[in-house]
Structures are given as C-alpha cells and as structure tokens.
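Visitor: Provided herewith: start_36.txt, compact mmCIF, C-alpha atoms and all ligand atoms.
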```txt
# COMPACT_ATOMS: atom_id res chain seq x y z
CA MET A 187 145.33 112.89 144.97
CA GLY A 188 147.72 109.96 145.16
CA LEU A 189 148.60 108.09 141.96
CA VAL A 190 146.62 104.98 142.92
CA VAL A 191 143.53 107.02 143.70
CA LYS A 192 143.87 108.80 140.36
CA LEU A 193 144.20 105.50 138.48
CA VAL A 194 141.17 104.01 140.20
CA PHE A 195 139.22 107.13 139.30
CA VAL A 196 140.28 106.98 135.62
CA VAL A 197 139.38 103.27 135.32
CA PHE A 198 136.01 103.97 136.92
CA ALA A 199 135.34 106.92 134.59
CA VAL A 200 136.25 104.96 131.44
CA ASN A 201 134.03 102.05 132.47
CA PHE A 202 131.18 104.43 133.12
CA ILE A 203 131.51 106.04 129.67
CA LEU A 204 131.75 102.66 127.87
CA ALA A 205 128.79 101.21 129.75
CA CYS A 206 126.47 104.02 128.65
CA GLY A 207 126.79 103.57 124.87
CA PRO A 208 124.19 104.91 122.44
CA ILE A 209 120.79 105.85 123.79
CA HIS A 210 117.97 103.69 122.44
CA ASN A 211 114.41 104.87 122.55
CA SER A 212 111.34 102.66 122.90
CA ASN A 213 111.25 101.99 119.14
CA GLY A 214 114.77 100.62 119.03
CA ALA A 215 115.90 103.78 117.24
CA ILE A 216 119.12 105.41 118.31
CA ASN A 217 118.70 109.03 119.29
CA ASN A 218 122.23 110.36 119.06
CA ASP A 219 122.99 110.06 115.33
CA SER A 220 125.33 107.17 116.06
CA LEU A 221 124.17 104.94 113.19
CA GLY A 222 126.68 106.98 111.19
CA THR A 223 127.86 106.89 107.60
CA VAL A 224 128.09 103.10 107.04
CA SER A 225 124.39 103.03 107.79
CA SER A 226 123.54 106.12 105.75
CA ASP A 227 125.38 104.64 102.73
CA ILE A 228 123.08 101.61 102.90
CA PHE A 229 120.11 103.87 103.62
CA SER A 230 120.93 105.85 100.44
CA LYS A 231 120.50 102.66 98.35
CA THR A 232 117.43 101.23 100.10
CA VAL A 233 115.00 103.64 101.80
CA GLN A 234 116.13 107.01 100.46
CA PRO A 235 115.28 106.51 96.74
CA ILE A 236 111.66 105.64 97.64
CA ILE A 237 111.40 108.72 99.83
CA GLU A 238 112.97 111.01 97.22
CA ASN A 239 110.56 109.73 94.54
CA ASN A 240 107.39 109.94 96.61
CA CYS A 241 107.78 112.37 99.49
CA ALA A 242 110.18 115.14 98.44
CA LEU A 243 107.44 117.39 97.09
CA CYS A 244 106.41 118.22 100.67
CA HIS A 245 109.04 116.67 103.00
CA ASP A 246 112.10 118.44 101.51
CA GLY A 247 112.01 121.38 103.90
CA SER A 248 109.94 123.59 101.57
CA THR A 249 106.75 123.11 103.64
CA SER A 250 105.98 122.67 107.33
CA ALA A 251 106.03 118.84 106.98
CA VAL A 252 109.04 117.10 108.63
CA ALA A 253 112.06 117.51 106.32
CA PHE A 254 113.28 113.91 105.96
CA ALA A 255 113.31 113.88 102.12
CA VAL A 256 116.59 115.75 101.69
CA SER A 257 119.48 114.71 99.42
CA ASP A 258 122.07 114.31 102.23
CA SER A 259 121.54 110.67 103.25
CA ASN A 260 122.99 111.17 106.72
CA ILE A 261 120.61 114.05 107.47
CA SER A 262 117.67 112.19 105.93
CA GLN A 263 118.36 109.06 108.01
CA ASN A 264 118.90 110.98 111.22
CA THR A 265 115.76 113.07 110.75
CA LEU A 266 113.69 109.89 110.41
CA LEU A 267 115.33 108.49 113.54
CA ASN A 268 115.06 111.64 115.61
CA PHE A 269 111.37 112.13 114.78
CA ASP A 270 110.68 108.45 115.52
CA LEU A 271 109.36 107.86 112.00
CA VAL A 272 111.14 104.53 111.51
CA ASN A 273 110.92 101.52 113.78
CA LEU A 274 114.13 99.62 113.18
CA ALA A 275 113.10 96.63 115.27
CA ASN A 276 109.71 96.33 113.60
CA PRO A 277 109.73 98.00 110.14
CA THR A 278 106.01 97.46 109.44
CA ALA A 279 105.23 99.55 112.54
CA SER A 280 107.26 102.52 111.25
CA LYS A 281 105.25 105.75 111.02
CA ILE A 282 106.37 106.30 107.41
CA VAL A 283 104.84 102.87 106.66
CA THR A 284 101.60 103.14 108.66
CA LYS A 285 100.97 106.74 107.57
CA ILE A 286 101.04 105.75 103.87
CA ALA A 287 99.08 102.53 104.49
CA ALA A 288 96.31 104.58 106.10
CA GLY A 289 96.15 106.95 103.11
CA HIS A 290 98.31 110.06 102.80
CA ASN A 291 97.96 112.57 99.96
CA GLY A 292 96.83 109.93 97.49
CA ILE A 293 100.09 107.96 97.61
CA THR A 294 99.43 104.30 96.68
CA THR A 295 99.69 101.73 99.46
CA ASP A 296 102.35 99.88 97.38
CA VAL A 297 104.74 102.59 98.53
CA SER A 298 104.00 101.62 102.14
CA THR A 299 105.00 97.99 101.44
CA ASP A 300 108.09 99.11 99.52
CA LEU A 301 109.15 101.32 102.44
CA SER A 302 108.70 98.51 104.94
CA LEU A 303 110.78 96.08 102.85
CA ALA A 304 113.43 98.75 102.30
CA ILE A 305 113.78 99.40 106.05
CA GLU A 306 114.13 95.65 106.60
CA ASP A 307 116.79 95.47 103.87
CA TRP A 308 118.63 98.48 105.37
CA MET A 309 118.82 96.79 108.79
CA LEU A 310 119.82 93.42 107.29
CA GLN A 311 122.67 94.93 105.27
CA LEU A 312 123.76 96.98 108.28
CA SER A 313 123.95 93.90 110.49
CA GLU A 314 125.94 92.07 107.77
CA SER A 315 128.39 94.98 107.56
CA GLU A 316 129.31 94.77 111.25
C1 LIG B 1 101.50 116.63 99.20
C2 LIG B 1 102.39 116.78 100.32
C3 LIG B 1 102.94 115.54 100.99
C4 LIG B 1 103.49 114.42 100.42
C5 LIG B 1 103.72 114.10 98.95
C6 LIG B 1 103.88 113.55 101.53
N1 LIG B 1 103.55 114.13 102.72
FE1 LIG B 1 103.81 113.34 104.55
N2 LIG B 1 102.99 114.97 105.43
C7 LIG B 1 102.55 116.07 104.74
C8 LIG B 1 102.03 117.04 105.69
C9 LIG B 1 101.45 118.41 105.36
C10 LIG B 1 102.16 116.46 106.98
C11 LIG B 1 101.72 117.04 108.34
C12 LIG B 1 100.25 116.78 108.57
C13 LIG B 1 99.97 115.32 108.75
O1 LIG B 1 100.46 114.71 109.72
O2 LIG B 1 99.27 114.75 107.88
C14 LIG B 1 102.74 115.15 106.76
C15 LIG B 1 103.04 114.26 107.78
C16 LIG B 1 103.64 113.04 107.59
C17 LIG B 1 103.97 112.12 108.66
C18 LIG B 1 103.69 112.32 110.14
C19 LIG B 1 104.89 112.97 110.77
C20 LIG B 1 104.86 112.93 112.28
O3 LIG B 1 105.70 113.61 112.88
O4 LIG B 1 104.02 112.23 112.87
C21 LIG B 1 104.57 111.05 108.09
C22 LIG B 1 105.11 109.83 108.81
C23 LIG B 1 104.63 111.30 106.68
N3 LIG B 1 104.05 112.51 106.40
C24 LIG B 1 105.18 110.45 105.77
C25 LIG B 1 105.22 110.67 104.41
C26 LIG B 1 105.87 109.77 103.48
C27 LIG B 1 106.62 108.51 103.87
C28 LIG B 1 105.68 110.30 102.23
C29 LIG B 1 106.13 109.73 100.93
C30 LIG B 1 105.95 108.29 100.69
C31 LIG B 1 104.91 111.53 102.39
N4 LIG B 1 104.65 111.73 103.72
C32 LIG B 1 104.51 112.35 101.35
C33 LIG B 1 102.59 116.28 103.40
C34 LIG B 1 103.00 115.35 102.45
```
Just dump the structure as structure tokens.
Guide:
Amino acid sequence: MGLVVKLVFVVFAVNFILACGPIHNSNGAINNDSLGTVSSDIFSKTVQPIIENNCALCHDGSTSAVAFAVSDSNISQNTLLNFDLVNLANPTASKIVTKIAAGHNGITTDVSTDLSLAIEDWMLQLSESE
C-alpha cells in the first residue's frame, strides 16, 4: 500500500472506532462496564449501602438470586447494569425499585423509594463530575 492509502485507512479506522462509543441498551444502561470507577465511587455512597443493608442476605452470591449485593462497588454496579436491574434514564422504572414496590420477601416499600432516590442521586452526581 502507498503511504497516502495507508493514512486514509488509518483515519477511517480511528473515526469508525470513535463513532461507536459505549453500547447503550433500551434502558439507557451501558452494557460494557464503561461507567467505570468514578461512577462506582458515587454508587458506593448512594445505592450500594441500601443494597448491602437490605438485599445481601440473598443477593450476595450465596444463593441462586442475582449477585449484585457484593462489597466490590464496581462489580455490584456492573452486575446491576448487565442484568438490566437499574434504569438510569428513569430510576422509578428500575427493576430493583419495582420489584420491592410490588412486595419482595417482606421488605418495606420505603426501601423501594429510597432506592429510586439513590439512583437519581447517583446519576446527578455522575453528571456533575463530568
Ligand atoms: C430472602 C432473600 C432475598 C432478599 C432479602 C432479597 N431478594 Fe431479591 N430475589 C430473591 C430471589 C430468590 C430471587 C429470584 C426469584 C424472584 O425473581 O423472585 C430474587 C429476585 C430479585 C429480582 C429479579 C431479578 C431479575 O433478574 O429479574 C430483583 C430485581 C430483586 N430480587 C431485587 C432485590 C432487592 C433490590 C433486594 C433488597 C432491597 C432484594 N431483592 C432482597 C431473594 C431475595
């Protein structure tokens, strides 16, 4: 290949890679763990404490229930995202919110409201950090 052809190819390839970006699913969640550690730091101070206090008994990997209540905030966040259990664009529609609101193992519905507000707070702080 001539130099010009090579350069054109490289510019094309770089543009293609940049244009793709993270993959969003229908819930606005990002499927490739790209929210990263800035996000999981905020997550660890908003959503995660509620989950650890109310869900860890079963969702910590010790049962067959999805293991999102683990101490590593990055893994906890990404598990929620990858199983589509949080709706970042519409926190009240998140499965972790609706599941508790509908009644789940006797957990009070206050926890559902707290989770929804915490997801909202997480997204607000994340947008302010960018
Ligand atoms: C006593 C055990 C127990 C506790 C405590 C518990 N869960 Fe669950 N959870 C389960 C089991 C078992 C399932 C799978 C069966 C089902 O869907 O109900 C489940 C399923 C779910 C699902 C559906 C997952 C999916 O893939 O659709 C969500 C969402 C969920 N739990 C959220 C929570 C949240 C949020 C908490 C804490 C606020 C919590 N659970 C606390 C046992 C528990």
Visitor: So that all listed atoms of stretch 290-304 of chain A fit with 8 Å spare on each side, what axis-aligned box centre and edge lengths in Å, to one decimal, would you give as lines of an AutoDock Vina configuration file?
Guide:
```
center_x = 105.1
center_y = 104.3
center_z = 100.8
size_x = 32.6
size_y = 32.5
size_z = 24.3
```
Visitor: Name the closest residue to ligand LIG 1 (chain B) among the candidates A:Asn240, A:Ser259, A:Ser280, A:Ser302; distances are taken between atoms, counting all atoms listed in the file.
Guide: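 For ligand LIG 1 (chain B), the nearest of the given residues is A:Asn240.
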Visitor: Just how far from atom N3 of ligand LIG 1 (chain B) is atom CA of A:Thr232, in Å to one decimal?
Guide: 18.6 Å
Visitor: Tell me which protein, DNA and RNA residues are within 10 Å of A:Thr284, counting only C-alpha atoms, leaving out same-chain ones fewer than 5 positions away, and put them as a list in words.
Guide: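 So the residues in contact are Leu271, Pro277, Thr278, Ala279, Gly289, His290, Thr295, Ser298, Thr299, Leu301 and Ser302 of chain A.
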Visitor: Quote the spacing between atom CA of A:Ile282 and atom C23 of ligand LIG 1 (chain B) in Å to one decimal place.
Guide: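 Separating atom CA of A:Ile282 from atom C23 of ligand LIG 1 (chain B) is a distance of 5.3 Å.
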Visitor: List every residue of chain A that has an atom at most 9 Å from any atom of ligand LIG 1 (chain B), giving for each one its closest atom pair and the distance in Å to one decimal, counting all atoms listed in the file, sorted by chain and then by ascending residue number, as JSON lines.
Guide:
```
{"residue": "A:Ile236", "atom": "CA", "partner": "B:LIG1", "partner_atom": "C30", "distance": 7.0}
{"residue": "A:Ile237", "atom": "CA", "partner": "B:LIG1", "partner_atom": "C29", "distance": 5.5}
{"residue": "A:Glu238", "atom": "CA", "partner": "B:LIG1", "partner_atom": "C29", "distance": 7.9}
{"residue": "A:Asn239", "atom": "CA", "partner": "B:LIG1", "partner_atom": "C29", "distance": 7.8}
{"residue": "A:Asn240", "atom": "CA", "partner": "B:LIG1", "partner_atom": "C29", "distance": 4.5}
{"residue": "A:Cys241", "atom": "CA", "partner": "B:LIG1", "partner_atom": "C29", "distance": 3.4}
{"residue": "A:Ala242", "atom": "CA", "partner": "B:LIG1", "partner_atom": "C5", "distance": 6.6}
{"residue": "A:Leu243", "atom": "CA", "partner": "B:LIG1", "partner_atom": "C5", "distance": 5.3}
{"residue": "A:Cys244", "atom": "CA", "partner": "B:LIG1", "partner_atom": "C2", "distance": 4.3}
{"residue": "A:His245", "atom": "CA", "partner": "B:LIG1", "partner_atom": "N1", "distance": 6.1}
{"residue": "A:Thr249", "atom": "CA", "partner": "B:LIG1", "partner_atom": "C9", "distance": 7.3}
{"residue": "A:Ser250", "atom": "CA", "partner": "B:LIG1", "partner_atom": "C9", "distance": 6.5}
{"residue": "A:Ala251", "atom": "CA", "partner": "B:LIG1", "partner_atom": "C10", "distance": 4.5}
{"residue": "A:Val252", "atom": "CA", "partner": "B:LIG1", "partner_atom": "C19", "distance": 6.2}
{"residue": "A:Phe254", "atom": "CA", "partner": "B:LIG1", "partner_atom": "C24", "distance": 8.8}
{"residue": "A:Ala255", "atom": "CA", "partner": "B:LIG1", "partner_atom": "C29", "distance": 8.4}
{"residue": "A:Leu266", "atom": "CA", "partner": "B:LIG1", "partner_atom": "C22", "distance": 8.7}
{"residue": "A:Phe269", "atom": "CA", "partner": "B:LIG1", "partner_atom": "O3", "distance": 6.2}
{"residue": "A:Asp270", "atom": "CA", "partner": "B:LIG1", "partner_atom": "O3", "distance": 7.6}
{"residue": "A:Leu271", "atom": "CA", "partner": "B:LIG1", "partner_atom": "C22", "distance": 5.7}
{"residue": "A:Val272", "atom": "CA", "partner": "B:LIG1", "partner_atom": "C22", "distance": 8.5}
{"residue": "A:Ser280", "atom": "CA", "partner": "B:LIG1", "partner_atom": "C22", "distance": 8.0}
{"residue": "A:Lys281", "atom": "CA", "partner": "B:LIG1", "partner_atom": "C22", "distance": 4.6}
{"residue": "A:Ile282", "atom": "CA", "partner": "B:LIG1", "partner_atom": "C22", "distance": 4.0}
{"residue": "A:Val283", "atom": "CA", "partner": "B:LIG1", "partner_atom": "C27", "distance": 6.5}
{"residue": "A:Thr284", "atom": "CA", "partner": "B:LIG1", "partner_atom": "C22", "distance": 7.6}
{"residue": "A:Lys285", "atom": "CA", "partner": "B:LIG1", "partner_atom": "C22", "distance": 5.3}
{"residue": "A:Ile286", "atom": "CA", "partner": "B:LIG1", "partner_atom": "C27", "distance": 6.2}
{"residue": "A:His290", "atom": "CA", "partner": "B:LIG1", "partner_atom": "N4", "distance": 6.6}
{"residue": "A:Asn291", "atom": "CA", "partner": "B:LIG1", "partner_atom": "C1", "distance": 5.4}
{"residue": "A:Gly292", "atom": "CA", "partner": "B:LIG1", "partner_atom": "C5", "distance": 8.2}
{"residue": "A:Ile293", "atom": "CA", "partner": "B:LIG1", "partner_atom": "C30", "distance": 6.6}
{"residue": "A:Thr294", "atom": "CA", "partner": "B:LIG1", "partner_atom": "C30", "distance": 8.6}
{"residue": "A:Val297", "atom": "CA", "partner": "B:LIG1", "partner_atom": "C30", "distance": 6.2}
{"residue": "A:Ser298", "atom": "CA", "partner": "B:LIG1", "partner_atom": "C30", "distance": 7.1}
{"residue": "A:Leu301", "atom": "CA", "partner": "B:LIG1", "partner_atom": "C27", "distance": 7.8}
```
Visitor: So which one's closest to A:Asn273, A:Ile305, A:Asp246, A:Ser230, A:Asp300? Using only C-alpha atoms, please.
Guide: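 That would be A:Ile305, the residue with the smallest distance to A:Asn273.
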Visitor: Atom CA of A:Thr265 to atom CA of A:Ser225: how many Å, to one decimal?
Guide: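 Those two atoms sit 13.6 Å apart.
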Visitor: Between A:Gln234, A:Asn268, A:Ile228, A:Asn260, which residue has the minimum interatomic distance to A:Leu310, considering only C-alpha atoms?
Guide: A:Ile228
